[in-house]
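Q: Sending over work21.cif (mmCIF, C-alpha atoms and all ligand atoms).
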data_run
loop_
_atom_site.label_atom_id
_atom_site.label_comp_id
_atom_site.auth_asym_id
_atom_site.auth_seq_id
_atom_site.Cartn_x
_atom_site.Cartn_y
_atom_site.Cartn_z
CA MET A 19 -4.32 33.11 -3.79
CA GLY A 20 -6.85 32.70 -0.96
CA ASP A 21 -6.02 31.04 2.36
CA GLU A 22 -8.08 27.94 1.54
CA ALA A 23 -6.12 27.34 -1.66
CA ILE A 24 -2.86 27.88 0.27
CA GLN A 25 -3.92 25.30 2.85
CA ALA A 26 -4.81 22.86 0.04
CA THR A 27 -1.19 22.93 -1.12
CA ASN A 28 -0.47 20.78 1.92
CA ASP A 29 -2.68 18.01 0.52
CA ASP A 30 -0.73 18.13 -2.75
CA ALA A 31 2.63 17.97 -1.00
CA ALA A 32 1.51 15.17 1.34
CA SER A 33 0.05 13.03 -1.43
CA CYS A 34 3.12 13.48 -3.64
CA LYS A 35 5.32 12.43 -0.73
CA ARG A 36 3.09 9.46 0.03
CA PHE A 37 3.31 8.25 -3.56
CA ALA A 38 7.11 8.60 -3.62
CA ILE A 39 7.32 6.67 -0.34
CA GLN A 40 5.07 3.94 -1.80
CA GLN A 41 7.44 3.70 -4.76
CA GLY A 42 10.32 3.05 -2.36
CA TYR A 43 12.20 6.37 -2.65
CA TRP A 44 12.55 6.65 1.12
CA ARG A 45 11.14 5.06 4.26
CA ASP A 46 8.38 6.79 6.18
CA PRO A 47 5.99 4.50 8.05
CA TYR A 48 3.98 7.50 9.37
CA LEU A 49 2.69 9.56 6.44
CA GLN A 50 0.21 6.81 5.49
CA PHE A 51 -1.72 7.66 8.68
CA LEU A 52 -2.10 11.31 7.67
CA VAL A 53 -2.94 11.08 3.97
CA LYS A 54 -4.75 8.56 1.77
CA ALA A 55 -2.94 6.55 -0.89
CA ALA A 56 -2.11 8.84 -3.75
CA GLU A 57 -2.63 8.69 -7.50
CA ARG A 58 0.41 7.92 -9.64
CA LYS A 59 2.86 10.80 -10.07
CA ALA A 60 5.45 11.27 -12.78
CA PRO A 61 8.89 9.78 -11.99
CA GLU A 62 10.55 13.22 -12.09
CA ILE A 63 8.12 14.47 -9.43
CA ASN A 64 8.95 11.50 -7.19
CA ARG A 65 12.65 12.02 -7.65
CA GLY A 66 12.17 15.74 -6.93
CA TYR A 67 10.45 15.00 -3.62
CA TYR A 68 13.22 12.58 -2.70
CA VAL A 69 15.95 15.15 -3.26
CA ARG A 70 13.93 17.84 -1.46
CA THR A 71 13.29 15.66 1.59
CA HIS A 72 16.85 14.40 1.77
CA GLY A 73 18.50 17.73 1.01
CA ILE A 74 16.67 19.39 3.90
CA LYS A 75 17.33 16.47 6.23
CA TYR A 76 21.02 16.46 5.37
CA LEU A 77 21.47 20.09 6.51
CA LEU A 78 19.20 19.57 9.50
CA GLU A 79 21.10 16.52 10.75
CA ASP A 80 24.36 18.43 10.48
CA PHE A 81 22.83 21.11 12.72
CA ILE A 82 21.45 18.58 15.24
CA LYS A 83 24.81 16.81 15.46
CA LYS A 84 26.70 20.10 15.88
CA THR A 85 24.45 21.04 18.78
CA GLU A 86 24.38 17.47 20.16
CA SER A 87 20.55 17.73 20.10
CA ASN A 88 20.67 20.60 22.57
CA CYS A 89 18.63 22.64 20.13
CA GLN A 90 15.14 23.52 18.93
CA ILE A 91 13.44 22.91 15.59
CA ILE A 92 10.70 25.24 14.38
CA SER A 93 8.90 24.11 11.25
CA LEU A 94 6.95 26.92 9.60
CA GLY A 95 3.97 25.85 7.46
CA ALA A 96 4.78 22.26 8.45
CA GLY A 97 1.59 20.81 6.99
CA PHE A 98 1.51 17.01 7.41
CA ASP A 99 5.28 16.68 7.68
CA THR A 100 6.36 13.60 9.67
CA LEU A 101 9.88 14.72 10.47
CA PHE A 102 9.28 14.64 14.24
CA TRP A 103 8.59 10.86 14.13
CA ARG A 104 11.45 10.14 11.74
CA LEU A 105 13.94 12.02 13.91
CA LYS A 106 12.66 10.17 16.96
CA ASP A 107 13.32 6.83 15.23
CA GLU A 108 16.88 7.94 14.56
CA GLY A 109 17.50 9.18 18.11
CA LEU A 110 17.88 12.74 16.81
CA LEU A 111 15.07 14.56 18.60
CA PRO A 112 15.85 18.12 19.65
CA LYS A 113 14.85 19.53 23.06
CA THR A 114 11.79 21.19 21.57
CA TYR A 115 10.07 20.75 18.21
CA VAL A 116 7.37 23.22 17.19
CA GLU A 117 5.21 23.22 14.07
CA LEU A 118 3.13 26.21 13.01
CA ASP A 119 0.43 26.22 10.35
CA PHE A 120 -3.09 27.46 9.71
CA ARG A 121 -5.83 26.10 12.00
CA ALA A 122 -7.50 24.26 9.07
CA VAL A 123 -4.31 22.21 8.65
CA THR A 124 -3.32 21.72 12.30
CA SER A 125 -6.83 20.65 13.30
CA ARG A 126 -6.76 17.77 10.79
CA LYS A 127 -3.25 16.76 11.78
CA CYS A 128 -4.18 16.81 15.48
CA TYR A 129 -7.31 14.76 14.78
CA TYR A 130 -5.28 12.07 12.96
CA ILE A 131 -2.64 11.95 15.69
CA LYS A 132 -5.28 11.64 18.40
CA SER A 133 -7.11 8.84 16.61
CA ARG A 134 -4.19 6.76 15.29
CA SER A 135 -2.04 4.84 17.72
CA GLN A 136 0.69 4.50 15.09
CA LEU A 137 1.21 8.26 15.47
CA LEU A 138 0.25 8.68 19.11
CA ASP A 139 2.32 5.85 20.60
CA PRO A 140 5.71 7.12 19.40
CA LEU A 141 4.75 10.57 20.64
CA MET A 142 3.95 9.06 24.03
CA GLU A 143 7.34 7.34 24.05
CA SER A 144 8.94 10.74 23.50
CA CYS A 145 7.46 11.83 26.84
CA ASP A 146 8.52 8.74 28.79
CA GLY A 147 5.29 6.89 28.02
CA VAL A 148 3.15 9.22 30.10
CA LYS A 149 -0.06 9.80 28.15
CA ASN A 150 -1.39 12.60 30.31
CA LYS A 151 1.56 14.76 29.34
CA ILE A 152 0.00 15.11 25.89
CA SER A 153 -2.88 17.48 25.32
CA ILE A 154 -4.64 17.63 21.97
CA GLU A 155 -7.44 20.16 21.80
CA ASN A 156 -8.58 23.21 19.95
CA ALA A 157 -6.51 22.33 16.85
CA GLU A 158 -3.27 22.27 18.86
CA LEU A 159 -1.06 19.58 20.34
CA HIS A 160 1.19 20.10 23.34
CA SER A 161 3.62 17.65 24.86
CA PRO A 162 6.94 18.12 26.64
CA ARG A 163 8.89 18.01 23.37
CA TYR A 164 6.48 18.37 20.48
CA HIS A 165 4.00 21.18 19.83
CA ILE A 166 1.68 21.69 16.88
CA MET A 167 0.19 25.18 16.99
CA THR A 168 -1.97 27.42 14.88
CA ALA A 169 -0.46 30.67 13.65
CA ASP A 170 -0.58 32.94 10.67
CA LEU A 171 3.02 33.38 9.60
CA ARG A 172 2.15 36.75 8.09
CA ASP A 173 1.59 38.01 11.62
CA VAL A 174 4.95 38.17 13.42
CA ALA A 175 3.32 39.00 16.79
CA ASP A 176 1.19 35.84 16.48
CA VAL A 177 4.28 33.73 15.69
CA GLU A 178 6.19 35.21 18.61
CA SER A 179 3.41 34.63 21.12
CA LYS A 180 2.96 31.00 19.98
CA LEU A 181 6.66 30.26 20.26
CA THR A 182 6.77 31.82 23.72
CA GLU A 183 3.77 29.69 24.74
CA ALA A 184 5.60 26.59 23.49
CA GLY A 185 8.53 27.48 25.78
CA ILE A 186 11.01 28.30 23.03
CA ASP A 187 14.28 29.62 24.48
CA LYS A 188 15.67 32.24 22.13
CA ASN A 189 19.20 31.67 23.41
CA LEU A 190 19.29 27.98 22.51
CA PRO A 191 20.57 27.09 19.01
CA THR A 192 17.48 26.95 16.82
CA VAL A 193 16.79 25.81 13.29
CA PHE A 194 13.81 27.07 11.29
CA ILE A 195 12.58 25.07 8.31
CA SER A 196 10.15 26.11 5.59
CA GLU A 197 9.36 23.98 2.58
CA CYS A 198 7.35 25.77 -0.13
CA VAL A 199 5.83 28.15 2.40
CA LEU A 200 7.31 31.65 2.11
CA VAL A 201 6.21 31.78 -1.52
CA TYR A 202 2.60 32.10 -0.35
CA MET A 203 3.37 35.32 1.52
CA THR A 204 4.09 38.75 0.08
CA VAL A 205 7.75 39.72 -0.12
CA GLN A 206 7.19 42.29 2.65
CA LYS A 207 5.57 39.76 5.02
CA SER A 208 8.22 37.09 4.52
CA SER A 209 10.93 39.72 4.94
CA ASP A 210 9.37 40.91 8.23
CA LEU A 211 9.32 37.31 9.47
CA LEU A 212 12.94 36.60 8.48
CA LYS A 213 14.09 39.86 10.05
CA TRP A 214 12.28 39.11 13.30
CA ILE A 215 13.85 35.62 13.45
CA GLY A 216 17.34 36.97 12.74
CA ASP A 217 16.93 39.76 15.32
CA SER A 218 15.49 37.49 18.01
CA PHE A 219 17.60 34.32 17.80
CA PRO A 220 21.36 34.89 18.18
CA THR A 221 22.35 31.36 17.15
CA VAL A 222 20.08 30.25 14.36
CA LEU A 223 20.00 28.37 11.08
CA TYR A 224 17.21 28.76 8.51
CA ILE A 225 16.60 26.12 5.83
CA ASN A 226 14.26 27.17 3.04
CA TYR A 227 13.16 25.11 0.05
CA GLU A 228 11.49 27.03 -2.72
CA GLN A 229 10.96 27.71 -6.40
CA VAL A 230 13.55 29.80 -8.24
CA ASN A 231 13.97 31.14 -11.75
CA MET A 232 10.27 30.65 -12.53
CA ALA A 233 10.07 33.72 -14.74
CA ASP A 234 11.52 32.00 -17.80
CA ARG A 235 9.64 30.15 -20.50
CA PHE A 236 10.28 26.71 -19.04
CA GLY A 237 8.85 27.85 -15.71
CA GLN A 238 5.59 28.70 -17.39
CA VAL A 239 5.45 25.58 -19.56
CA MET A 240 6.33 23.42 -16.58
CA GLN A 241 3.38 24.74 -14.60
CA GLN A 242 0.95 23.86 -17.34
CA ASN A 243 2.46 20.43 -17.84
CA LEU A 244 2.65 19.40 -14.23
CA ARG A 245 -0.62 21.01 -13.10
CA SER A 246 0.90 21.35 -9.70
CA ARG A 247 -0.74 23.98 -7.56
CA HIS A 248 2.39 24.63 -5.53
CA CYS A 249 4.25 25.43 -8.74
CA GLU A 250 2.02 28.38 -9.50
CA LEU A 251 3.52 31.82 -9.55
CA HIS A 252 2.75 33.96 -6.55
CA GLY A 253 4.36 37.28 -7.25
CA VAL A 254 7.92 38.44 -7.21
CA ASP A 255 9.25 35.79 -4.83
CA ALA A 256 8.43 33.01 -7.25
CA CYS A 257 10.61 34.74 -9.84
CA ALA A 258 13.49 34.90 -7.39
CA SER A 259 16.95 33.95 -8.52
CA MET A 260 19.39 32.15 -6.23
CA ASP A 261 20.94 35.53 -5.35
CA THR A 262 17.52 36.91 -4.43
CA GLN A 263 17.01 33.91 -2.16
CA LYS A 264 20.27 34.60 -0.31
CA ASN A 265 19.73 38.36 -0.22
CA ARG A 266 16.36 38.10 1.44
CA PHE A 267 18.34 36.94 4.53
CA LEU A 268 21.48 39.04 4.13
CA SER A 269 19.49 42.25 3.59
CA VAL A 270 17.77 41.84 6.97
CA GLY A 271 20.92 41.24 8.98
CA TRP A 272 21.74 37.51 8.76
CA GLU A 273 25.48 36.76 8.88
CA GLY A 274 25.75 34.33 6.00
CA ALA A 275 23.59 32.61 3.39
CA ASP A 276 24.07 30.10 0.62
CA ALA A 277 21.81 28.42 -1.93
CA MET A 278 21.98 25.51 -4.33
CA ASP A 279 19.58 24.42 -7.03
CA MET A 280 18.21 20.90 -6.76
CA MET A 281 20.25 19.62 -9.69
CA CYS A 282 23.40 20.45 -7.72
CA VAL A 283 21.91 19.01 -4.52
CA TYR A 284 21.07 15.83 -6.47
CA HIS A 285 24.70 15.44 -7.54
CA LYS A 286 25.81 15.85 -3.92
CA LEU A 287 23.81 12.82 -2.79
CA PRO A 288 25.90 9.75 -1.98
CA PRO A 289 26.50 7.82 -5.25
CA ALA A 290 24.88 4.71 -3.76
CA ASP A 291 21.65 6.69 -3.11
CA ILE A 292 21.60 8.06 -6.64
CA HIS A 293 22.21 4.60 -8.05
CA ARG A 294 19.38 3.14 -5.96
CA ILE A 295 16.75 5.76 -6.81
CA GLU A 296 17.65 5.85 -10.49
CA ARG A 297 16.76 2.17 -10.66
CA LEU A 298 13.34 2.61 -9.06
CA GLU A 299 11.59 4.11 -12.07
CA PHE A 300 12.57 4.51 -15.68
CA LEU A 301 13.00 8.13 -16.71
CA ASP A 302 13.40 8.82 -20.39
CA GLU A 303 13.15 12.63 -20.28
CA LEU A 304 16.38 13.52 -18.51
CA GLU A 305 16.20 17.04 -19.88
CA LEU A 306 12.82 17.57 -18.22
CA LEU A 307 14.24 16.36 -14.90
CA GLN A 308 17.16 18.72 -15.20
CA GLN A 309 14.94 21.70 -16.00
CA LEU A 310 12.56 20.84 -13.19
CA PHE A 311 15.43 20.55 -10.68
CA GLN A 312 16.89 23.86 -11.79
CA HIS A 313 13.64 25.57 -10.84
CA TYR A 314 13.84 24.66 -7.16
CA CYS A 315 16.51 25.40 -4.61
CA ILE A 316 17.50 24.99 -1.01
CA CYS A 317 18.73 28.18 0.62
CA TRP A 318 20.25 28.18 4.10
CA ALA A 319 21.25 31.14 6.23
CA TYR A 320 22.71 31.55 9.70
CA LYS A 321 23.67 33.77 12.59
CA ASP A 322 26.18 32.21 14.94
CA LYS A 323 26.69 34.20 18.12
CA ALA A 324 27.59 31.07 20.12
CA ASN A 325 30.18 30.19 17.50
CA ILE A 326 29.10 26.58 17.07
CA GLY A 327 30.29 26.34 13.48
CA LEU A 328 27.11 27.14 11.57
CA SER A 329 29.10 28.67 8.72
CA SER A 330 30.42 25.20 7.86
CA ILE A 331 26.93 23.73 7.31
CA GLY A 332 26.37 23.00 3.63
CA PHE A 333 26.53 20.29 0.98
N1 LIG B 401 5.97 22.14 4.50
C1 LIG B 401 5.03 21.09 4.17
C2 LIG B 401 5.67 20.12 3.17
O1 LIG B 401 6.60 20.52 2.47
O2 LIG B 401 5.22 18.98 3.09
C3 LIG B 401 3.76 21.68 3.57
C4 LIG B 401 3.99 22.49 2.34
S1 LIG B 401 2.52 23.21 1.66
C5 LIG B 401 3.05 23.50 0.03
C6 LIG B 401 2.53 24.85 2.37
C7 LIG B 401 2.08 24.89 3.82
O3 LIG B 401 2.34 26.20 4.34
C8 LIG B 401 0.61 24.61 4.00
O4 LIG B 401 0.41 23.67 5.02
C9 LIG B 401 0.03 25.98 4.36
O5 LIG B 401 -1.12 25.91 5.16
C10 LIG B 401 1.22 26.61 5.09
N2 LIG B 401 1.17 28.08 5.07
C11 LIG B 401 1.32 28.89 4.00
N3 LIG B 401 1.17 30.18 4.36
C12 LIG B 401 0.94 30.18 5.70
C13 LIG B 401 0.70 31.20 6.67
N4 LIG B 401 0.62 32.49 6.32
N5 LIG B 401 0.49 30.84 7.95
C14 LIG B 401 0.53 29.53 8.31
N6 LIG B 401 0.76 28.52 7.45
C15 LIG B 401 0.96 28.84 6.16
#
In structure tokens, how does this file's structure come out?
Ligand code: SAM

A:
Amino acid sequence: MGDEAIQATNDDAASCKRFAIQQGYWRDPYLQFLVKAAERKAPEINRGYYVRTHGIKYLLEDFIKKTESNCQIISLGAGFDTLFWRLKDEGLLPKTYVELDFRAVTSRKCYYIKSRSQLLDPLMESCDGVKNKISIENAELHSPRYHIMTADLRDVADVESKLTEAGIDKNLPTVFISECVLVYMTVQKSSDLLKWIGDSFPTVLYINYEQVNMADRFGQVMQQNLRSRHCELHGVDACASMDTQKNRFLSVGWEGADAMDMMCVYHKLPPADIHRIERLEFLDELELLQQLFQHYCICWAYKDKANIGLSSIGF
């Protein structure tokens, strides 16, 4: 898959999220300023995005609370994610929040932030209302707390130099997030990246959302049916089982790792949430939902030199 097609997967993810938000699955007043109103998506897709967004946020909030916000968030292949604004609204901002993505993606995101007060004003509030603390140029955004930077994640030296430039402190508890990102890299490149992170950050959590078990017949049928570009197979990683997902961390020196498919994550949601979202849209193909959810998982891994209790993070 070429880089342009990889970058286009961000448009798919953003428009699916926007549609689910429009349908009332969760509240996000910011995404509408980054992506146009989306065409209708199937109810199982909307429900899938809800569980993905909330599953990741659940683990992340646990981490932020454990560190009392004295931590850093690094979002790899962040695309048009609006998590920075949503965490700000909840009073859960970390000390530093860095997003890395290709220039073609960051330049559009920076342009929208610069030109839309609904995005820029909250960012200004995060730096005590001082506008001149924010610089947006050359496809990058820098502010005291929030950085959007260009990097190719396949190039570990590039990632390291960007994080250094953003002022990342390797000794502060740090959480890395990637949502449907590592699958676009070769197994060797993603392994190099995960090894470098594990070797460099002594107290670190990694949250990864990705396809699993795509090698079976349903995986192939599902791709045709859903015509979703980010569901395409991209080599061995896309065929990964849950054990493969955990082992990609454990084999490069991480202390612990766990993974759960999205059907299990769904059942871990508070019953009131499940009840609410199940009433939003009628879903007659429960079997399809179940099969879809079993083909995605959240994997989380940690190293915990500071002993802050990262091994207890989970659903
Ligand atoms: N994480 C966002 C989300 O879930 O809404 C976007 C997901 S999109 C499927 C994948 C993102 O990863 C795209 O924005 C793409 O540009 C980025 N990406 C993939 N490979 C990358 C690489 N080698 N370097 C930088 N960004 C990459």

Q: Return as a tab-separated table the residues of chain A lying at most 9 Å from ligand LIG 401 (chain B), together with the closest atom-to-atom pair for each and the distance in Å to one decimal, counting all atoms listed in the file, with rows in chain order and ascending residue number.

A:
residue	atom	partner	partner_atom	distance
A:Asp21	CA	B:LIG401	N3	7.5
A:Glu22	CA	B:LIG401	O5	8.1
A:Ala23	CA	B:LIG401	O5	8.6
A:Ile24	CA	B:LIG401	C9	5.4
A:Gln25	CA	B:LIG401	O5	3.7
A:Ala26	CA	B:LIG401	C8	6.9
A:Thr27	CA	B:LIG401	C5	4.4
A:Asn28	CA	B:LIG401	S1	3.9
A:Asp29	CA	B:LIG401	S1	7.4
A:Asp30	CA	B:LIG401	C5	7.1
A:Ala31	CA	B:LIG401	O2	4.9
A:Ala32	CA	B:LIG401	O2	5.6
A:Cys34	CA	B:LIG401	O2	8.9
A:Lys35	CA	B:LIG401	O2	7.6
A:Arg70	CA	B:LIG401	O1	8.7
A:Thr71	CA	B:LIG401	O1	8.3
A:Ser93	CA	B:LIG401	N1	7.6
A:Leu94	CA	B:LIG401	N6	6.7
A:Gly95	CA	B:LIG401	O3	3.5
A:Ala96	CA	B:LIG401	N1	4.1
A:Gly97	CA	B:LIG401	O4	3.7
A:Phe98	CA	B:LIG401	O2	6.0
A:Asp99	CA	B:LIG401	O2	5.1
A:Thr100	CA	B:LIG401	O2	8.6
A:Leu118	CA	B:LIG401	C14	6.3
A:Asp119	CA	B:LIG401	N6	3.7
A:Phe120	CA	B:LIG401	C14	4.4
A:Arg121	CA	B:LIG401	C14	8.1
A:Ala122	CA	B:LIG401	O5	7.7
A:Val123	CA	B:LIG401	O5	6.0
A:Thr124	CA	B:LIG401	O4	8.4
A:Thr168	CA	B:LIG401	C14	7.3
A:Ala169	CA	B:LIG401	C14	5.5
A:Asp170	CA	B:LIG401	N5	3.6
A:Leu171	CA	B:LIG401	N5	3.9
A:Arg172	CA	B:LIG401	N4	4.9
A:Asp173	CA	B:LIG401	N4	7.7
A:Ile195	CA	B:LIG401	N1	8.2
A:Ser196	CA	B:LIG401	N1	5.9
A:Glu197	CA	B:LIG401	N1	4.3
A:Cys198	CA	B:LIG401	C5	4.9
A:Val199	CA	B:LIG401	O3	4.4
A:Leu200	CA	B:LIG401	N3	6.7
A:Val201	CA	B:LIG401	N3	7.9
A:Tyr202	CA	B:LIG401	N3	5.3
A:Met203	CA	B:LIG401	N4	6.2
A:Lys207	CA	B:LIG401	N4	8.9
A:Tyr227	CA	B:LIG401	O1	8.4
A:Arg247	CA	B:LIG401	C5	8.5
A:His248	CA	B:LIG401	C5	5.7

Q: To one decimal place in Å, what is the distance between atom CA of A:Ala56 and atom CA of A:Trp44?

A: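 Interatomic distance here is 15.6 Å.
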
Q: One decimal, in Å: what's the spacing between atom CA of A:Tyr76 and atom CA of A:Trp318?

A: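 Between atom CA of A:Tyr76 and atom CA of A:Trp318 the gap is 11.8 Å.
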
Q: Do you know which residues are at most 9 Å from A:Tyr164 counting only C-alpha atoms, after dropping those on the same chain fewer than 4 positions away, and could you put them as an mmCIF file with C-alpha atoms, in the frame of the given file?

A:
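Saved file part.cif follows:
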data_model
loop_
_atom_site.group_PDB
_atom_site.id
_atom_site.type_symbol
_atom_site.label_atom_id
_atom_site.label_comp_id
_atom_site.auth_asym_id
_atom_site.auth_seq_id
_atom_site.Cartn_x
_atom_site.Cartn_y
_atom_site.Cartn_z
ATOM 1 C CA PHE A 102 9.280 14.640 14.240
ATOM 2 C CA LYS A 113 14.850 19.530 23.060
ATOM 3 C CA THR A 114 11.790 21.190 21.570
ATOM 4 C CA TYR A 115 10.070 20.750 18.210
ATOM 5 C CA VAL A 116 7.370 23.220 17.190
ATOM 6 C CA GLU A 117 5.210 23.220 14.070
ATOM 7 C CA LEU A 141 4.750 10.570 20.640
ATOM 8 C CA SER A 144 8.940 10.740 23.500
ATOM 9 C CA LEU A 159 -1.060 19.580 20.340
ATOM 10 C CA HIS A 160 1.190 20.100 23.340
ATOM 11 C CA ALA A 184 5.600 26.590 23.490
#

Q: Have a look at A:Asp107, A:Ile131, A:Arg65, A:Gly20 and name the one nearest to A:Gly42; count only C-alpha atoms.

A: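 With only C-alpha atoms as the atom set, the closest residue is A:Arg65.
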
Q: Could you please determine the separation between atom CA of A:Ser259 and atom CA of A:Gly216 in Å, to one decimal place?

A: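 Computed distance, atom CA of A:Ser259 to atom CA of A:Gly216, equals 21.5 Å.
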
Q: Would you place a box with edges along x, y and z of the file around all atoms of stretch 115-126 of chain A listed there, add 4 Å to each of its six sides, and report the centre and edge lengths in Å to one decimal, as AutoDock Vina command-line options?

A:
--center_x 1.3 --center_y 22.6 --center_z 13.4 --size_x 25.6 --size_y 17.7 --size_z 17.6

Q: Quick one: everything within 6 Å of stretch 145-158 of chain A, counting only C-alpha atoms, minus sequence neighbours fewer than 4 positions away in the same chain. Send it as a VMD selection string.

A: chain A and resid 124 to 125 166 to 167

Q: Select, from A:Trp214, A:Trp103, A:Tyr43, A:Phe194, the residue with the minimum atom-to-atom distance to A:Glu62, counting only C-alpha atoms.

A: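 Of the candidates, the smallest distance to A:Glu62 is held by A:Tyr43.
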
Q: Find the residue from A:Leu181, A:Ile82, A:Leu77, A:Ala275 that sits nearest to A:Ile331; use only C-alpha atoms when measuring.

A: A:Leu77

Q: With a cut-off of 12 Å, could you pull out the residues of stretch 204-223 of chain A touching stretch 83-87 of chain A and give me the nearest pair of atoms for each, distance in Å to one decimal, using all atoms listed in the file, ordered by chain and ascending number, as JSON lines?

A:
{"residue": "A:Thr221", "atom": "CA", "partner": "A:Thr85", "partner_atom": "CA", "distance": 10.7}
{"residue": "A:Val222", "atom": "CA", "partner": "A:Thr85", "partner_atom": "CA", "distance": 11.1}
{"residue": "A:Leu223", "atom": "CA", "partner": "A:Thr85", "partner_atom": "CA", "distance": 11.5}

Q: Write out as a ChimeraX atom specification each polymer residue whose atoms come within 7 Å of A:Trp272, counting all atoms listed in the file; drop sequence neighbours fewer than 5 positions from it.

A: /A:216,267,319-321

Q: Grab the residues selected above and save them as an mmCIF file, in the coordinates of the input with C-alpha atoms.

A:
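That gives us part-v4.cif:
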data_model
loop_
_atom_site.group_PDB
_atom_site.id
_atom_site.type_symbol
_atom_site.label_atom_id
_atom_site.label_comp_id
_atom_site.auth_asym_id
_atom_site.auth_seq_id
_atom_site.Cartn_x
_atom_site.Cartn_y
_atom_site.Cartn_z
ATOM 1 C CA GLY A 216 17.340 36.970 12.740
ATOM 2 C CA PHE A 267 18.340 36.940 4.530
ATOM 3 C CA ALA A 319 21.250 31.140 6.230
ATOM 4 C CA TYR A 320 22.710 31.550 9.700
ATOM 5 C CA LYS A 321 23.670 33.770 12.590
#

Q: Starting from the point (29.0, 30.0, 6.5), work out which residues of protein, DNA or RNA have an atom no more than 6 Å away when counting all atoms listed in the file; state them as number ranges by chain.

A: A: 274, 329-330

Q: Just the residues within 12 Å of A:Lys264, please, counting only C-alpha atoms, with nothing from its chain fewer than 5 positions along; format it as a PDB file with C-alpha atoms, in the frame of the given file.

A:
ATOM      1  CA  SER A 209      10.930  39.720   4.940  1.00  0.00           C
ATOM      2  CA  LEU A 212      12.940  36.600   8.480  1.00  0.00           C
ATOM      3  CA  TYR A 224      17.210  28.760   8.510  1.00  0.00           C
ATOM      4  CA  ILE A 225      16.600  26.120   5.830  1.00  0.00           C
ATOM      5  CA  ASN A 226      14.260  27.170   3.040  1.00  0.00           C
ATOM      6  CA  TYR A 227      13.160  25.110   0.050  1.00  0.00           C
ATOM      7  CA  GLU A 228      11.490  27.030  -2.720  1.00  0.00           C
ATOM      8  CA  VAL A 230      13.550  29.800  -8.240  1.00  0.00           C
ATOM      9  CA  ASP A 255       9.250  35.790  -4.830  1.00  0.00           C
ATOM     10  CA  ALA A 258      13.490  34.900  -7.390  1.00  0.00           C
ATOM     11  CA  SER A 259      16.950  33.950  -8.520  1.00  0.00           C
ATOM     12  CA  SER A 269      19.490  42.250   3.590  1.00  0.00           C
ATOM     13  CA  VAL A 270      17.770  41.840   6.970  1.00  0.00           C
ATOM     14  CA  GLY A 271      20.920  41.240   8.980  1.00  0.00           C
ATOM     15  CA  TRP A 272      21.740  37.510   8.760  1.00  0.00           C
ATOM     16  CA  GLU A 273      25.480  36.760   8.880  1.00  0.00           C
ATOM     17  CA  GLY A 274      25.750  34.330   6.000  1.00  0.00           C
ATOM     18  CA  ALA A 275      23.590  32.610   3.390  1.00  0.00           C
ATOM     19  CA  ASP A 276      24.070  30.100   0.620  1.00  0.00           C
ATOM     20  CA  ALA A 277      21.810  28.420  -1.930  1.00  0.00           C
ATOM     21  CA  MET A 278      21.980  25.510  -4.330  1.00  0.00           C
ATOM     22  CA  CYS A 315      16.510  25.400  -4.610  1.00  0.00           C
ATOM     23  CA  ILE A 316      17.500  24.990  -1.010  1.00  0.00           C
ATOM     24  CA  CYS A 317      18.730  28.180   0.620  1.00  0.00           C
ATOM     25  CA  TRP A 318      20.250  28.180   4.100  1.00  0.00           C
ATOM     26  CA  ALA A 319      21.250  31.140   6.230  1.00  0.00           C
ATOM     27  CA  TYR A 320      22.710  31.550   9.700  1.00  0.00           C
TER      28      TYR A 320
END

Q: Need to verify the contact set: A:Gly66, 12 Å, only C-alpha atoms, exclusion of same-chain residues closer than 6 positions in sequence. Can you return it as a PyMOL selection string?

A: chain A and resi 31+34-35+38+43+59-60+72-73+227+279-281+283-284+295-296+306-315
